[in-house]
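Data from data03.tsv: TSV, C-alpha atoms
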chain	number	residue	atom	x	y	z
A	1	MET	CA	-8.24	-13.65	20.38
A	2	SER	CA	-6.97	-13.23	16.82
A	3	ARG	CA	-7.86	-10.06	14.98
A	4	GLN	CA	-10.56	-10.45	12.33
A	5	PHE	CA	-10.69	-8.93	8.87
A	6	VAL	CA	-13.25	-8.96	6.08
A	7	ILE	CA	-12.32	-8.57	2.42
A	8	ILE	CA	-15.14	-7.61	0.03
A	9	GLY	CA	-14.38	-8.29	-3.63
A	10	LEU	CA	-12.26	-11.35	-4.42
A	11	GLY	CA	-10.40	-10.38	-7.56
A	12	ARG	CA	-6.61	-10.45	-7.69
A	13	LEU	CA	-6.24	-7.67	-5.13
A	14	GLY	CA	-8.73	-9.18	-2.69
A	15	THR	CA	-7.31	-12.71	-2.90
A	16	ALA	CA	-3.77	-11.36	-2.44
A	17	MET	CA	-4.95	-9.63	0.75
A	18	ILE	CA	-6.54	-12.83	2.04
A	19	SER	CA	-3.36	-14.80	1.33
A	20	THR	CA	-1.21	-12.27	3.20
A	21	LEU	CA	-3.54	-11.92	6.19
A	22	GLU	CA	-3.78	-15.71	6.52
A	23	SER	CA	0.01	-16.02	6.42
A	24	LEU	CA	0.16	-13.51	9.30
A	25	GLY	CA	-2.16	-15.71	11.34
A	26	TYR	CA	-5.32	-13.60	11.26
A	27	ASP	CA	-8.94	-14.71	10.84
A	28	VAL	CA	-10.30	-13.64	7.47
A	29	MET	CA	-13.74	-13.55	5.88
A	30	GLY	CA	-13.87	-13.13	2.11
A	31	MET	CA	-17.04	-11.97	0.39
A	32	ASP	CA	-18.06	-11.82	-3.27
A	33	LEU	CA	-21.28	-12.03	-5.29
A	34	ASP	CA	-19.90	-14.77	-7.58
A	35	GLU	CA	-20.85	-18.17	-6.10
A	36	GLU	CA	-18.65	-20.10	-8.55
A	37	LEU	CA	-15.67	-17.95	-7.63
A	38	ILE	CA	-16.30	-18.61	-3.94
A	39	GLN	CA	-16.34	-22.38	-4.58
A	40	ASP	CA	-13.10	-22.20	-6.57
A	41	LEU	CA	-11.30	-20.09	-3.97
A	42	ALA	CA	-12.42	-22.35	-1.11
A	43	ARG	CA	-9.83	-24.87	-2.32
A	44	ASP	CA	-7.06	-22.26	-2.25
A	45	PHE	CA	-8.01	-20.76	1.11
A	46	PRO	CA	-9.31	-23.61	3.30
A	47	ASN	CA	-8.78	-21.59	6.50
A	48	ALA	CA	-10.69	-18.50	5.36
A	49	HIS	CA	-14.43	-18.12	5.73
A	50	LEU	CA	-15.61	-17.38	2.18
A	51	VAL	CA	-19.22	-16.42	1.50
A	52	ALA	CA	-21.24	-15.52	-1.57
A	53	ALA	CA	-23.05	-12.42	-0.36
A	54	ASP	CA	-24.09	-8.90	-1.37
A	55	ALA	CA	-22.14	-6.35	0.67
A	56	THR	CA	-24.40	-3.55	-0.56
A	57	ASP	CA	-27.19	-5.02	1.60
A	58	GLU	CA	-26.75	-3.83	5.18
A	59	ASP	CA	-28.95	-6.63	6.54
A	60	VAL	CA	-26.67	-9.24	4.96
A	61	LEU	CA	-23.62	-7.71	6.61
A	62	ARG	CA	-25.44	-7.51	9.93
A	63	ASP	CA	-26.40	-11.21	9.72
A	64	LEU	CA	-22.73	-12.04	9.11
A	65	ASN	CA	-21.79	-10.06	12.24
A	66	VAL	CA	-19.38	-7.93	10.20
A	67	GLY	CA	-19.71	-5.04	12.65
A	68	GLN	CA	-17.59	-7.01	15.12
A	69	PHE	CA	-14.61	-7.24	12.77
A	70	ASP	CA	-11.47	-5.19	13.42
A	71	ALA	CA	-11.12	-3.88	9.86
A	72	ALA	CA	-12.49	-4.31	6.37
A	73	ALA	CA	-11.32	-3.77	2.81
A	74	VAL	CA	-13.70	-2.99	-0.05
A	75	VAL	CA	-11.83	-3.89	-3.24
A	76	ILE	CA	-14.74	-4.40	-5.63
A	77	GLY	CA	-13.73	-4.20	-9.29
A	78	GLU	CA	-15.28	-1.55	-11.52
A	79	SER	CA	-18.58	-0.83	-9.72
A	80	MET	CA	-18.35	2.59	-8.08
A	81	GLU	CA	-21.87	2.32	-6.67
A	82	ALA	CA	-21.25	-1.07	-5.05
A	83	GLY	CA	-18.02	0.13	-3.46
A	84	ILE	CA	-19.70	3.24	-2.08
A	85	LEU	CA	-22.68	1.33	-0.66
A	86	ALA	CA	-20.52	-1.40	0.88
A	87	THR	CA	-18.25	1.20	2.51
A	88	ALA	CA	-21.21	3.14	3.89
A	89	ASN	CA	-22.73	-0.06	5.28
A	90	LEU	CA	-19.50	-1.07	7.00
A	91	LYS	CA	-19.14	2.30	8.70
A	92	GLU	CA	-22.82	2.28	9.68
A	93	LEU	CA	-22.30	-1.11	11.36
A	94	GLY	CA	-19.34	0.24	13.32
A	95	VAL	CA	-16.31	-1.33	11.61
A	96	PRO	CA	-13.50	0.85	13.03
A	97	PHE	CA	-11.17	0.85	10.02
A	98	VAL	CA	-12.31	0.55	6.41
A	99	VAL	CA	-9.95	0.58	3.43
A	100	THR	CA	-11.66	1.12	0.07
A	101	ARG	CA	-10.44	0.94	-3.50
A	102	ALA	CA	-11.25	3.95	-5.69
A	103	ILE	CA	-11.32	3.76	-9.47
A	104	SER	CA	-11.30	7.53	-10.10
A	105	SER	CA	-10.64	10.80	-8.31
A	106	LEU	CA	-14.40	11.46	-8.11
A	107	HIS	CA	-14.93	8.02	-6.57
A	108	ALA	CA	-12.19	8.77	-4.03
A	109	ARG	CA	-13.82	12.06	-3.00
A	110	VAL	CA	-17.18	10.38	-2.46
A	111	LEU	CA	-15.59	7.60	-0.41
A	112	GLU	CA	-13.82	10.15	1.76
A	113	ARG	CA	-17.10	11.94	2.44
A	114	ILE	CA	-18.89	8.77	3.55
A	115	GLY	CA	-16.17	7.91	6.03
A	116	ALA	CA	-13.65	5.55	4.39
A	117	ASP	CA	-10.61	5.55	6.68
A	118	ARG	CA	-8.15	4.92	3.88
A	119	ILE	CA	-8.61	5.12	0.12
A	120	ILE	CA	-6.33	3.28	-2.28
A	121	GLU	CA	-5.97	3.69	-6.02
A	122	PRO	CA	-3.79	0.69	-7.01
A	123	GLU	CA	-3.59	1.49	-10.72
A	124	ARG	CA	-2.61	5.12	-10.11
A	125	ASP	CA	-0.13	4.17	-7.38
A	126	MET	CA	1.46	1.49	-9.54
A	127	GLY	CA	1.63	3.93	-12.45
A	128	GLU	CA	3.48	6.47	-10.27
A	129	GLN	CA	5.92	3.82	-9.08
A	130	LEU	CA	6.60	2.50	-12.58
A	131	ALA	CA	7.09	6.02	-13.94
A	132	ARG	CA	9.77	6.71	-11.32
A	133	THR	CA	11.59	3.44	-11.94
A	134	MET	CA	11.53	4.19	-15.69
A	135	ALA	CA	12.79	7.73	-15.15
A	136	SER	CA	15.75	6.68	-13.02
A	137	PRO	CA	18.01	3.63	-13.30
A	138	VAL	CA	18.71	3.68	-9.55
A	139	VAL	CA	15.15	3.57	-8.14
A	140	LEU	CA	14.21	0.06	-6.92
A	141	ASP	CA	10.97	0.78	-5.07
A	142	TYR	CA	8.70	3.69	-4.20
A	143	VAL	CA	6.29	3.70	-1.25
A	144	ASP	CA	3.59	6.32	-0.77
A	145	LEU	CA	3.35	6.99	2.97
A	146	GLY	CA	0.18	9.05	2.67
A	147	GLY	CA	-0.21	12.80	2.59
A	148	ASP	CA	2.84	14.47	1.09
A	149	GLU	CA	5.37	11.91	2.31
A	150	ALA	CA	6.98	8.99	0.48
A	151	MET	CA	9.95	6.65	0.70
A	152	ILE	CA	12.33	5.46	-2.02
A	153	GLU	CA	14.63	2.45	-2.05
A	154	ALA	CA	17.43	3.07	-4.53
A	155	GLU	CA	20.99	2.33	-5.47
A	156	VAL	CA	23.32	5.18	-4.57
A	157	PRO	CA	23.32	7.64	-7.50
A	158	GLU	CA	26.65	8.33	-9.17
A	159	GLU	CA	26.82	11.87	-7.77
A	160	TRP	CA	26.69	10.59	-4.18
A	161	ILE	CA	29.33	7.85	-4.48
A	162	ASP	CA	32.34	8.13	-2.10
A	163	LYS	CA	30.68	10.91	-0.11
A	164	SER	CA	29.57	10.71	3.51
A	165	LEU	CA	26.07	11.64	4.59
A	166	ALA	CA	27.56	14.56	6.52
A	167	GLU	CA	29.14	15.85	3.28
A	168	LEU	CA	25.91	15.47	1.30
A	169	GLN	CA	23.83	17.33	3.94
A	170	LEU	CA	20.67	15.88	2.40
A	171	SER	CA	18.42	16.93	5.26
A	172	ARG	CA	19.52	20.58	5.17
A	173	LYS	CA	19.80	20.95	1.40
A	174	SER	CA	16.96	18.72	0.17
A	175	GLY	CA	14.76	17.91	3.18
A	176	LEU	CA	15.53	14.19	2.78
A	177	THR	CA	16.44	11.61	5.43
A	178	VAL	CA	18.42	8.42	4.80
A	179	LEU	CA	16.71	5.81	6.99
A	180	ALA	CA	18.75	2.75	6.08
A	181	LEU	CA	21.92	1.77	4.25
A	182	LYS	CA	22.71	-1.64	2.82
A	183	PRO	CA	26.31	-1.81	1.67
A	184	LYS	CA	26.90	-4.10	-1.29
A	185	GLY	CA	27.27	-7.66	0.00
A	186	SER	CA	26.63	-6.71	3.64
A	187	PRO	CA	23.61	-6.55	5.99
A	188	GLY	CA	21.60	-3.36	6.23
A	189	THR	CA	22.41	-0.77	8.90
A	190	ILE	CA	21.07	2.49	10.29
A	191	PRO	CA	23.52	5.07	8.90
A	192	THR	CA	25.25	7.92	10.70
A	193	GLY	CA	26.74	11.15	9.40
A	194	ASP	CA	30.08	9.36	9.00
A	195	SER	CA	28.58	6.66	6.76
A	196	THR	CA	30.17	6.83	3.31
A	197	LEU	CA	28.16	5.76	0.28
A	198	ARG	CA	29.82	3.36	-2.16
A	199	GLU	CA	28.93	2.20	-5.64
A	200	GLY	CA	26.35	-0.60	-5.47
A	201	ASP	CA	25.08	0.37	-2.00
A	202	VAL	CA	21.32	0.51	-1.52
A	203	ILE	CA	19.71	3.26	0.55
A	204	VAL	CA	16.20	3.96	1.82
A	205	VAL	CA	15.36	7.66	1.73
A	206	ALA	CA	12.22	9.37	3.06
A	207	GLY	CA	10.89	12.86	2.59
A	208	ASN	CA	8.37	15.11	0.92
A	209	LYS	CA	7.26	13.71	-2.46
A	210	LYS	CA	8.24	16.87	-4.31
A	211	ASP	CA	11.68	16.89	-2.67
A	212	LEU	CA	12.19	13.24	-3.59
A	213	ASP	CA	11.12	13.87	-7.19
A	214	ARG	CA	13.56	16.77	-7.47
A	215	SER	CA	16.44	14.73	-6.04
A	216	GLN	CA	19.17	12.89	-7.94
A	217	LEU	CA	17.43	9.64	-7.00
A	218	VAL	CA	14.58	10.30	-9.42
A	219	GLN	CA	16.34	12.77	-11.73
A	220	PRO	CA	19.96	11.60	-12.00
A	221	LYS	CA	22.31	13.30	-14.41
A	222	ASP	CA	22.70	11.56	-17.77
A	223	ARG	CA	25.42	9.00	-17.58
Rewritten as structure tokens:
Amino acid sequence: MSRQFVIIGLGRLGTAMISTLESLGYDVMGMDLDEELIQDLARDFPNAHLVAADATDEDVLRDLNVGQFDAAAVVIGESMEAGILATANLKELGVPFVVTRAISSLHARVLERIGADRIIEPERDMGEQLARTMASPVVLDYVDLGGDEAMIEAEVPEEWIDKSLAELQLSRKSGLTVLALKPKGSPGTIPTGDSTLREGDVIVVAGNKKDLDRSQLVQPKDR
């Protein structure tokens, strides 16, 4: 049986989640208060079960059998109260994994206290990513792994060019681990200590966020 997911709040974030989950072959229910929006989206997502419903009403969620779903996402726009109530209802009904969007640090703390399994702050996260790509010409992508850990995809900084990973000793000196190496014009590989970094190579590096921010990936020398 296919896993089942419910997405509450069908703005850009919610519809993007539905599109991705459908492409992965999962069963998806989408829920929003706006009946006209539901009718419009039904044409775009013919395989999803879209309903105009109030997720802050526990009885409504119970009637829709939401408690039997594998996971839920609450990505309601600017209403803190609605997001909190919907999250609390989902956990009360026994949904095992609930992801909820927070719109402020206070909102995030409340959601944590009522049992949200994961809290996302898309605007803050995107702001952090954009700031790092602005600060460094080599950073291509930044992924928050939760807690204090993160991962950066970047072009090899000038200071690391023509040096092997063994020479750089990134793990010992900076607490960083190079997880993947994609030489320019070649497929990606899992690097070894003998792997030498060349100009134009792309690397994926993981580590503590503070260590990454102090590294030459995010703070390269002026060229």
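Excluding A:Thr189 itself and same-chain residues fewer than 6 positions from it, the residues having an atom within 7 Å of it are A:Ala180, A:Leu181, A:Lys182, counting all atoms listed in the file.
Shell of A:Thr196 at 9 Å, with only C-alpha atoms counted and residues fewer than 2 places along the chain excluded, is Ile161, Asp162, Lys163, Ser164, Leu165, Ala166, Pro191, Thr192, Gly193, Asp194 and Arg198 of chain A.
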Let me have the centre and edge lengths of the axis-aligned box enclosing all listed atoms of stretch 122-133 of chain A with 8 Å padding on every side, in Å to one decimal, as lines of an AutoDock Vina configuration file.
center_x = 3.9
center_y = 3.7
center_z = -10.5
size_x = 31.4
size_y = 22.0
size_z = 22.9
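In this comparison, which uses only C-alpha atoms, the residue of A:Gly77, A:Ala82, A:Ile152, A:Thr56 approaching A:Arg12 most closely is A:Gly77.
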Expressed in Å, the length from atom CA of A:Ser215 to atom CA of A:Pro157 is 10.0 Å
Between A:Ser174, A:Ser186, A:Asn89, A:Ser195, smallest distance to A:Leu212 by all atoms listed in the file belongs to A:Ser174
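Counting from atom CA of A:Leu13, the distance to atom CA of A:Ile203 is 28.7 Å.
Rounded to one decimal, atom CA of A:Pro122 and atom CA of A:Thr100 lie 10.6 Å from each other.
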One residue among A:Leu93, A:Ala55, A:Ala16, A:Val204 is nearest to A:Val138 when using only C-alpha atoms, and that residue is A:Val204
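Nearest residue to A:Val95 among A:Gly185, A:Gly67, A:Gly146, A:Gly207 is A:Gly67, counting all atoms listed in the file.
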Of A:Val202, A:Ala53, A:Val74, A:Leu176, the one sitting nearest A:Val139 when using only C-alpha atoms is A:Val202
Closest of A:Gly11, A:Ile119, A:Asp57, A:Met17 to A:Glu78, counting all atoms listed in the file, is A:Gly11
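Every protein, DNA or RNA residue with an atom at most 7 Å from stretch 30-44 of chain A, where all atoms listed in the file count and chain neighbours fewer than 3 positions away do not, is listed here: Val6, Ile7, Ile8, Gly9, Leu10, His49, Leu50, Val51, Ala52, Ala53 and Asp54 of chain A.
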